[in-house]
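Novice: Below is one structure. I have some questions about it.
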Amino acid sequence: MIESRFRDKVAVVTGAAGGIGAAVAMRFAQEGARVVIADLNGDAASAAAAKIASDCGAEALGVACDVGDETQVAATVAATLSRFGRFDVVVNNAGLMTFKTLAEWTAADWLKVLHVDLLGAAFFTKELFLHAGPDGGAIVNIASVHAVRTSPNAAPYSAAKAAMMSLTRTAAIEGRDRNIRANAILPGAIDTPMLWENPNLKSGAETLDARDVGRPKDIAAAAAFLASDDAAFITGAGLAVDGGRLAKL
Ligand SMILES: NC(=O)c1ccc[n+]([C@@H]2O[C@H](COP(=O)([O-])OP(=O)(O)OC[C@H]3O[C@@H](n4cnc5c(N)ncnc54)[C@H](O)[C@@H]3O)[C@@H](O)[C@H]2O)c1
């Protein structure tokens with residue numbers, strides 16, 4: 001039996017039409033939250049919201065949102081406030097990983113990744129600071145082990161995830177007086193489409209053994225902990241959820 005740690009709370013989870021985000025949204029709903037699924041794919045966001053409503057009886061709203069577009073982010077938060085009347089938690093999960101060598105990346109390539117993986121989180125952070133109520137709020141940024149170690153051909157992704165850790169620290173500092181906490185999760189390899197589409201894995205440049213692969217629900221459990229009052233004294237932290245992958249030589 002999972003406790004209702006998010007009763008009366010409203011959580012926005014980005015990129016939650018599938019993969020890790022869908023598991024996070026489901027976990028928050030199971031713990032009593034009303035959830036907003038903000039995803040580039042609006043139809044899939046609505047379908048994920050309907051599944052949450054039918055599986056656990058929670059109120060859920062699906063919204064089409066490109067997190068890299070500040071206007072769409074503001075509109076998503078306006079829709080959240082209009083439907084649910086408050087905004088307590090954001091899980092910045094939407095992400096994009098593309099692969100080229102350093103010599104091949106163009107400015108447009110860099111900006112495409114930075115807009116989704118970094119600015120999306122910055123825009124939702126701004127919105128939470130603008131709209132969190134007197135109780136404060138919580139930000140959980142889904143970074144990556146690539147924030148601290150990396151593999152070839154993923155420079156914009158790794159740089160964006162490292163910058164996301166820095167954004168997390170700034171949000172933690174600026175949020176202290178308003179009880180807005182910000183933490184990051186560094187997932188290792190998690191069994192989603194993004195993992196298995198990774199060309200470094202397909203080519204053998206990066207190898208995994210079975211113990212290195214976690215489940216979306218492992219990240220969901222950590223996100224729920226960090227967003228909950230159980231983590232009331234944790235802010236500005238980065239939590240690796242990677243089965244020990246970063247710890248090994
Ligand atoms: N899967 C892994 O092994 C792994 C490891 C480390 C970190 N992560 C991070 O976890 C997060 C989720 O990854 P996943 O594996 O579930 O990926 P996924 O590709 O399965 O899902 C990503 C979701 O984000 C959405 N999305 C993409 N661009 C968007 C945009 N501009 N605006 C809104 N939504 C957008 C997609 O539609 C999709 O629903 C990402 O930030 C990723 O970097 C994943």
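In the structure tokens, chains take letters A, B, ... by order of appearance, with residues numbered from 1 within each chain and ligands from 1 in the order shown.
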Neighbours of ligand 1 at 8 Å or closer, counting only C-alpha atoms and all ligand atoms: which residues, as a VMD selection string?
Specialist: chain A and resid 14 to 22 38 to 41 44 to 45 64 to 69 92 to 97 115 to 117 120 142 to 146 157 161 186 to 195 213 216
Novice: Hey, can you spit out that residue selection with C-alpha atoms as a compact mmCIF listing (two decimals), in the first residue's frame?
Specialist:
```txt
# COMPACT_ATOMS: atom_id res chain seq x y z
CA THR A 14 6.88 16.67 -18.87
CA GLY A 15 7.50 14.09 -21.58
CA ALA A 16 5.09 11.83 -19.74
CA ALA A 17 3.29 10.23 -22.68
CA GLY A 18 5.64 7.26 -22.41
CA GLY A 19 8.85 5.91 -20.92
CA ILE A 20 10.07 7.23 -17.57
CA GLY A 21 7.65 10.19 -17.52
CA ALA A 22 4.58 7.96 -17.81
CA ALA A 38 2.78 17.69 -20.89
CA ASP A 39 4.19 16.09 -24.01
CA LEU A 40 5.11 17.07 -27.54
CA ASN A 41 2.71 14.36 -28.67
CA ALA A 44 -0.34 10.40 -26.62
CA ALA A 45 -0.48 12.80 -23.64
CA ALA A 64 0.31 19.14 -26.02
CA CYS A 65 3.45 21.10 -25.12
CA ASP A 66 6.86 21.58 -26.65
CA VAL A 67 8.85 22.26 -23.50
CA GLY A 68 11.45 24.15 -25.51
CA ASP A 69 8.89 26.84 -26.35
CA ASN A 92 11.25 18.04 -15.82
CA ASN A 93 11.57 14.75 -17.67
CA ALA A 94 11.14 15.55 -21.39
CA GLY A 95 14.40 14.80 -23.12
CA LEU A 96 16.03 14.30 -26.45
CA MET A 97 19.32 12.56 -27.24
CA HIS A 115 15.94 23.82 -25.96
CA VAL A 116 14.39 20.52 -24.85
CA ASP A 117 16.90 19.20 -22.32
CA GLY A 120 12.43 23.28 -21.04
CA ILE A 142 15.54 14.18 -14.65
CA ALA A 143 19.18 14.60 -15.65
CA SER A 144 21.37 11.59 -16.50
CA VAL A 145 24.58 9.83 -15.59
CA HIS A 146 25.76 11.71 -18.70
CA TYR A 157 23.00 16.01 -24.42
CA LYS A 161 22.33 17.43 -18.49
CA LEU A 186 20.75 10.96 -12.59
CA PRO A 187 19.23 7.85 -14.15
CA GLY A 188 21.53 5.18 -15.45
CA ALA A 189 20.31 2.93 -18.24
CA ILE A 190 16.54 2.61 -18.00
CA ASP A 191 14.46 0.23 -20.11
CA THR A 192 12.63 2.68 -22.43
CA PRO A 193 12.65 3.32 -26.20
CA MET A 194 15.31 6.03 -25.71
CA LEU A 195 17.76 3.46 -24.30
CA VAL A 213 19.40 -1.75 -16.69
CA PRO A 216 10.98 3.36 -15.29
```
Novice: May I have all residues of segment 57-126 of chain A that DSSP, computed from the backbone, assigns to strand (DSSP E or B), given as a list in words?
Specialist: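 Filtering segment 57-126 of chain A to strand (DSSP E or B) leaves Ala60, Leu61, Gly62, Val63, Ala64, Val89, Val90, Val91 and Asn92 of chain A.
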Novice: Which of these residues is nearest to Ala11 of chain A, using only C-alpha atoms: A:Ala23, A:Ala232, A:Val36, A:Ala53?
Specialist: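 Closest candidate: A:Val36.
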Novice: Which residues of segment 71-184 of chain A have any atom within 10 Å of an atom in segment 205-212 of chain A when counting only C-alpha atoms, and what is the closest pair of atoms for each, with the distance in Å to one decimal? Order the rows by chain and rising number and write it as CSV.
Specialist:
```
residue,atom,partner,partner_atom,distance
A:Thr150,CA,A:Glu206,CA,9.9
A:Ser151,CA,A:Glu206,CA,7.3
A:Pro152,CA,A:Ala205,CA,8.3
```
Novice: Save out the residues we just selected, C-alpha atoms, as a PDB file, in the first residue's frame.
Specialist:
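Just written: selection-v9.pdb:
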```pdb
ATOM      1  CA  THR A 150      29.734  10.350 -20.853  1.00  0.00           C
ATOM      2  CA  SER A 151      30.290   8.415 -24.053  1.00  0.00           C
ATOM      3  CA  PRO A 152      31.261   9.702 -27.519  1.00  0.00           C
TER       4      PRO A 152
END
```
Novice: Can you tell me which residues surround Met164 of chain A at a distance of at most 9 Å, considering only C-alpha atoms, apart from same-chain residues fewer than 2 positions away, and format the answer as an MDAnalysis selection string?
Specialist: chainID A and resid 117:119 121:122 141:143 147 159:162 166:169 184
